[in-house]
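This report concerns only the one structure given below.
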Amino acid sequence: MQAQNQRPRDLGIKIGVLPVGQFNTITDVPGVTVGHTTLINGDHVRTGVTAILPHQGNIFQQKVPAAIYIGNGFGKLAGISQVQELGNLETPIILTNTLSVPMGIQATVRYTLVQSGNEDVRSVNAVVGETNDGYLNDIRGMHVSENDVVAAINNASNGKVAEGNVGAGTGTIAFGYKGGIGTASRKLPESLGAYTVGVLVQTNFGGVLTIAGAPIGQDLEQYPFKSAIEKSDGSCMIVVLTDAPLDARQLERVAKRAMMGLARTGGIASNGSGDYVVAASTAESMRIPYNTKAKTDNGNVLRNDEMSPLFMATIEATEEAIINSLFAAEDMEGRDGHQIKALPKERVLSLLKQRGLLK
């Protein structure tokens with residue numbers, strides 16, 4: 001069975017029980033778009049930017065309910081305190097490398113200020129997340145420019161999303177193999193509200209890789225602490241978007257479940273790992289206008305009793321997005337001749353078949 005250029009689900013690896021959306025990507029959530037800028041230059045630049053837009057309007061003028069959950073806080077996520085305080089998101093979500101977060105802020109602020117209707121805006125809370133790609137990338141060179149960030153935003157589109165060695169995932173490593181960008185979705189049946197949950201991840205973390213419940217990392221003898229000098233530090237950024245009408249409190253509950261999806265892949269949120277979840281509702285009824293004379297917010301918020309299907313959808317989509325990132329990634333050589341191999345997909349498929357998890 002040839003695994004090249006095929007996603008795990010195409011190869012018969014079924015993760016979870018809920019149905020997926022049309023493309024099995026975060027863009028299955030109506031109105032959501034994703035854009036990448038990929039920087040591969042010479043033998044030392046292996047980095048980029050990924051932008052996720054919750055809707056196609058002016059996000060600052062029509063903010064969306066949002067929450068951020070910290071799985072492990074060894075990271076540099078910008079904009080977290082205002083999201084936690086006010087419960088809303090007012091810019092695209094930007095992912096890049098650790099030392100390019102300041103550039104991500106600057107570019108996102110400039111992008112927002114020049115949008116029509118924002119002429120009098122004096123404060124912008126840019127949400128910019130990161131993982132450290134410094135093994136393959138010359139991270140100290142800070143090669144991401146303002147134009148690169150804005151290009152990722154302007155290039156954002158719906159439909160299929162490029163995965164693997166693209167955008168913010170260009171130089172990342174996961175479970176000892178080449179990591180990257182991954183995405184997945186779940187579409188709840190009509191009886192459960194027909195809501196869509198979409199997840200996008202930037203994988204750069206470690207643990208004992210588990211696929212569909214099988215200890216693949218152990219089978220491949222690729223896991224941390226099997227000798228005294230090995231470790232599993234790294235980070236994972238997780239973005240969860242849904243069209244379910246949720247407020248910030250409920251979105252934090254959803255965000256917490258994404259870490260359960262990470263755990264199902266074998267991730268351990270190690271000491272040096274920055275594992276953050278940004279969750280937002282794209283439901284038009286939940287939009288928060290910047291300029292309004294209204295004294296109260298509108299929107300019929302989903303009852304807590306109806307949340308469990310969304311929790312399950314988030315867990316499944318996060319798990320599958322992480323595995324998708326590994327299957328899409330390819331071998332890479334970067335800074336100082338460092339090399340990282342892609343997941344040996346044919347071997348993985350053989351192991352899953354031996355365990356009766358693949359026909």
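In the structure tokens, the first chain shown is A, the next is B, and so on; residue numbers restart at 1 for each chain, and ligands run from 1 in the order shown.
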What's the 6 Å shell around segment 20-28 of chain A, counting only C-alpha atoms, without same-chain residues fewer than 6 positions away, as an NGL selection string? :A and (158-160 or 183-187 or 198-199)
Per-residue DSSP, segment 96-155 of chain A, filtered to strand (DSSP E), as an mmCIF file with C-alpha atoms, in the first residue's frame:
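Wrote it out as result.cif, contents follow:
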data_model
loop_
_atom_site.group_PDB
_atom_site.id
_atom_site.type_symbol
_atom_site.label_atom_id
_atom_site.label_comp_id
_atom_site.auth_asym_id
_atom_site.auth_seq_id
_atom_site.Cartn_x
_atom_site.Cartn_y
_atom_site.Cartn_z
ATOM 1 C CA THR A 96 5.294 31.085 13.455
ATOM 2 C CA ASN A 97 8.624 30.328 15.159
ATOM 3 C CA VAL A 127 -2.754 36.598 18.959
ATOM 4 C CA VAL A 128 0.516 35.032 17.812
ATOM 5 C CA GLY A 129 1.606 31.524 18.769
ATOM 6 C CA GLU A 130 4.851 29.666 18.167
ATOM 7 C CA THR A 131 6.984 26.592 18.387
#
Thr318 of chain A surroundings by only C-alpha atoms, 7 Å radius, close-in-sequence under 4 positions cut, as a list in words: Val199, Ala258, Gly261, Leu262, Thr314 and Ile322 of chain A
Residue among A:Val301, A:Val101, A:Ala329, A:Val208 lying closest to Val144 of chain A, counting only C-alpha atoms: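 Using only C-alpha atoms, the shortest distance to Val144 of chain A belongs to A:Val101.
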At a cut-off of 12 Å, using only C-alpha atoms, what residues contact segment 112-125 of chain A? Leave out same-chain residues fewer than 6 positions from it and give the result as JSON, numbers by chain. {"A": [57, 58, 59, 60, 61, 62, 63, 77, 78, 79, 80, 81, 82, 83, 84, 85, 86, 87, 88, 89, 90, 91, 92, 93, 94, 104, 105, 106, 150, 153, 154, 290, 291]}
Residues of the last selection are to be written out with N, CA and C atoms, as a CSV table (one decimal), in the first residue's frame.
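Result file is result-v2.csv:
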chain,number,residue,atom,x,y,z
A,57,GLY,N,-14.9,38.8,7.3
A,57,GLY,CA,-15.1,40.2,7.5
A,57,GLY,C,-14.0,40.8,8.3
A,58,ASN,N,-14.2,42.0,8.8
A,58,ASN,CA,-13.3,42.8,9.6
A,58,ASN,C,-13.3,42.2,11.0
A,59,ILE,N,-12.3,41.4,11.3
A,59,ILE,CA,-12.4,40.7,12.6
A,59,ILE,C,-12.3,41.6,13.8
A,60,PHE,N,-11.6,42.7,13.6
A,60,PHE,CA,-11.5,43.7,14.7
A,60,PHE,C,-12.9,44.3,15.0
A,61,GLN,N,-13.6,44.6,13.9
A,61,GLN,CA,-15.0,45.2,14.1
A,61,GLN,C,-16.0,44.2,14.5
A,62,GLN,N,-15.8,43.0,14.1
A,62,GLN,CA,-16.8,41.9,14.4
A,62,GLN,C,-16.0,40.8,15.1
A,63,LYS,N,-15.7,41.0,16.4
A,63,LYS,CA,-14.9,40.1,17.2
A,63,LYS,C,-15.7,38.8,17.4
A,77,LEU,N,3.3,32.6,23.7
A,77,LEU,CA,2.0,33.0,23.0
A,77,LEU,C,1.7,34.5,23.4
A,78,ALA,N,1.5,35.3,22.3
A,78,ALA,CA,1.2,36.7,22.5
A,78,ALA,C,-0.3,36.9,22.5
A,79,GLY,N,-0.8,37.9,23.3
A,79,GLY,CA,-2.2,38.3,23.3
A,79,GLY,C,-3.1,37.5,24.2
A,80,ILE,N,-2.5,36.6,25.1
A,80,ILE,CA,-3.2,35.7,25.9
A,80,ILE,C,-4.1,36.5,26.9
A,81,SER,N,-3.5,37.5,27.6
A,81,SER,CA,-4.2,38.1,28.8
A,81,SER,C,-5.5,38.8,28.4
A,82,GLN,N,-5.5,39.4,27.2
A,82,GLN,CA,-6.7,40.1,26.8
A,82,GLN,C,-7.8,39.2,26.4
A,83,VAL,N,-7.4,38.1,25.8
A,83,VAL,CA,-8.4,37.0,25.4
A,83,VAL,C,-9.0,36.5,26.7
A,84,GLN,N,-8.2,36.2,27.7
A,84,GLN,CA,-8.7,35.6,28.9
A,84,GLN,C,-9.5,36.7,29.7
A,85,GLU,N,-9.2,37.9,29.6
A,85,GLU,CA,-9.9,38.9,30.3
A,85,GLU,C,-11.3,39.3,29.7
A,86,LEU,N,-11.3,39.5,28.4
A,86,LEU,CA,-12.5,39.9,27.7
A,86,LEU,C,-13.2,38.8,27.0
A,87,GLY,N,-12.6,37.7,26.7
A,87,GLY,CA,-13.2,36.5,26.1
A,87,GLY,C,-13.5,36.7,24.6
A,88,ASN,N,-12.7,37.5,23.9
A,88,ASN,CA,-12.9,37.6,22.5
A,88,ASN,C,-11.5,37.7,21.7
A,89,LEU,N,-11.7,37.4,20.4
A,89,LEU,CA,-10.5,37.5,19.5
A,89,LEU,C,-10.8,38.5,18.5
A,90,GLU,N,-9.8,39.4,18.2
A,90,GLU,CA,-10.0,40.5,17.3
A,90,GLU,C,-9.1,40.6,16.1
A,91,THR,N,-8.2,39.5,15.9
A,91,THR,CA,-7.3,39.5,14.8
A,91,THR,C,-7.3,38.0,14.3
A,92,PRO,N,-6.7,37.8,13.1
A,92,PRO,CA,-6.3,36.5,12.7
A,92,PRO,C,-5.4,35.8,13.7
A,93,ILE,N,-5.4,34.5,13.8
A,93,ILE,CA,-4.5,33.8,14.6
A,93,ILE,C,-3.3,33.5,13.8
A,94,ILE,N,-2.1,33.9,14.3
A,94,ILE,CA,-0.9,33.7,13.6
A,94,ILE,C,0.0,32.7,14.3
A,104,GLY,N,5.4,38.8,14.2
A,104,GLY,CA,4.0,38.4,14.0
A,104,GLY,C,3.0,39.4,14.6
A,105,ILE,N,3.4,40.0,15.7
A,105,ILE,CA,2.5,41.0,16.4
A,105,ILE,C,2.5,42.3,15.5
A,106,GLN,N,3.7,42.7,15.2
A,106,GLN,CA,3.8,44.0,14.4
A,106,GLN,C,3.1,43.9,13.1
A,150,VAL,N,1.9,39.1,6.5
A,150,VAL,CA,0.7,39.7,5.8
A,150,VAL,C,0.4,38.8,4.6
A,153,ILE,N,-1.8,35.9,5.7
A,153,ILE,CA,-3.1,36.4,5.9
A,153,ILE,C,-3.8,36.6,4.6
A,154,ASN,N,-3.2,37.3,3.7
A,154,ASN,CA,-3.9,37.6,2.4
A,154,ASN,C,-4.0,36.4,1.5
A,290,TYR,N,-17.5,46.0,17.6
A,290,TYR,CA,-16.6,46.9,18.2
A,290,TYR,C,-17.4,48.2,18.6
A,291,ASN,N,-18.1,48.7,17.6
A,291,ASN,CA,-18.9,49.9,17.8
A,291,ASN,C,-20.4,49.5,17.8
Write out as a PyMOL selection string the residues lying within 6 Å of segment 50-54 of chain A, counting only C-alpha atoms and excluding same-chain residues fewer than 2 positions away. chain A and resi 32-36+92-95+152-153+167-168+282
Check the smallest atom-to-atom distance from each of A:Ala174, A:Val49, A:Ile268, A:Ile139 to Ser325 of chain A using only C-alpha atoms, then report the winner. A:Ala174
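Taking atom CA of Asn300 of chain A as the reference point, atom CA of Asp243 of chain A is found at 12.7 Å.
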From the list A:Arg253, A:His338, A:Arg303, A:Arg264, the nearest residue to Asp133 of chain A using only C-alpha atoms is A:His338
Could you name the residues that touch Ala212 of chain A at 10 Å or less, counting only C-alpha atoms, but leaving out those on the same chain fewer than 6 positions away, as a VMD selection string? chain A and resid 13 to 16 264 to 265 319 to 320 323 352 357 to 358
Atom CA of Asn204 of chain A to atom CA of Ala151 of chain A, distance in Å rounded to a single decimal: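 Taking atom CA of Asn204 of chain A and atom CA of Ala151 of chain A, their separation equals 23.2 Å.
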As a compact mmCIF listing (two decimals) with C-alpha atoms, in the first residue's frame, please: all residues of segment 174-357 of chain A that backbone DSSP puts in alpha helix (DSSP H).
# COMPACT_ATOMS: atom_id res chain seq x y z
CA ILE A 216 3.89 2.90 17.21
CA GLY A 217 6.72 4.87 18.81
CA GLN A 218 7.54 1.89 20.99
CA ASP A 219 7.36 -0.50 18.03
CA ALA A 248 -15.82 32.26 26.14
CA ARG A 249 -16.46 30.11 29.20
CA GLN A 250 -17.71 27.23 27.10
CA LEU A 251 -14.86 27.65 24.64
CA GLU A 252 -12.37 27.22 27.44
CA ARG A 253 -14.08 23.93 28.26
CA VAL A 254 -13.67 22.92 24.60
CA ALA A 255 -10.02 24.01 24.57
CA LYS A 256 -9.22 21.81 27.55
CA ARG A 257 -10.41 18.76 25.63
CA ALA A 258 -7.92 19.41 22.83
CA MET A 259 -5.15 18.45 25.23
CA MET A 260 -6.86 15.08 25.58
CA GLY A 261 -6.51 14.66 21.82
CA LEU A 262 -2.81 15.44 22.12
CA ALA A 263 -2.49 12.86 24.89
CA ARG A 264 -4.14 10.22 22.70
CA SER A 308 -20.40 16.75 25.23
CA PRO A 309 -20.58 16.01 21.47
CA LEU A 310 -18.40 19.07 20.86
CA PHE A 311 -15.90 17.82 23.44
CA MET A 312 -15.67 14.47 21.68
CA ALA A 313 -15.38 16.13 18.27
CA THR A 314 -12.53 18.30 19.53
CA ILE A 315 -10.62 15.34 20.97
CA GLU A 316 -10.97 13.29 17.80
CA ALA A 317 -10.13 16.15 15.42
CA THR A 318 -7.06 17.12 17.45
CA GLU A 319 -5.78 13.57 17.51
CA GLU A 320 -6.28 13.15 13.78
CA ALA A 321 -4.79 16.56 12.94
CA ILE A 322 -1.57 15.63 14.77
CA ILE A 323 -1.31 12.29 12.96
CA ASN A 324 -2.08 14.05 9.66
CA SER A 325 0.85 16.41 10.24
CA LEU A 326 3.22 13.47 10.54
CA PHE A 327 1.94 11.67 7.46
CA ALA A 328 2.17 14.83 5.35
CA LYS A 345 4.78 5.43 6.74
CA GLU A 346 5.02 2.04 5.04
CA ARG A 347 6.46 0.56 8.23
CA VAL A 348 3.71 2.19 10.29
CA LEU A 349 1.04 0.77 8.02
CA SER A 350 2.57 -2.68 8.34
CA LEU A 351 2.60 -2.40 12.15
CA LEU A 352 -1.02 -1.30 12.22
CA LYS A 353 -1.99 -4.17 9.96
CA GLN A 354 -0.19 -6.64 12.23
For atom CA of Ile288 of chain A and atom CA of Asn304 of chain A, quote the distance in Å rounded to one decimal.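 These two atoms are separated by 20.9 Å.
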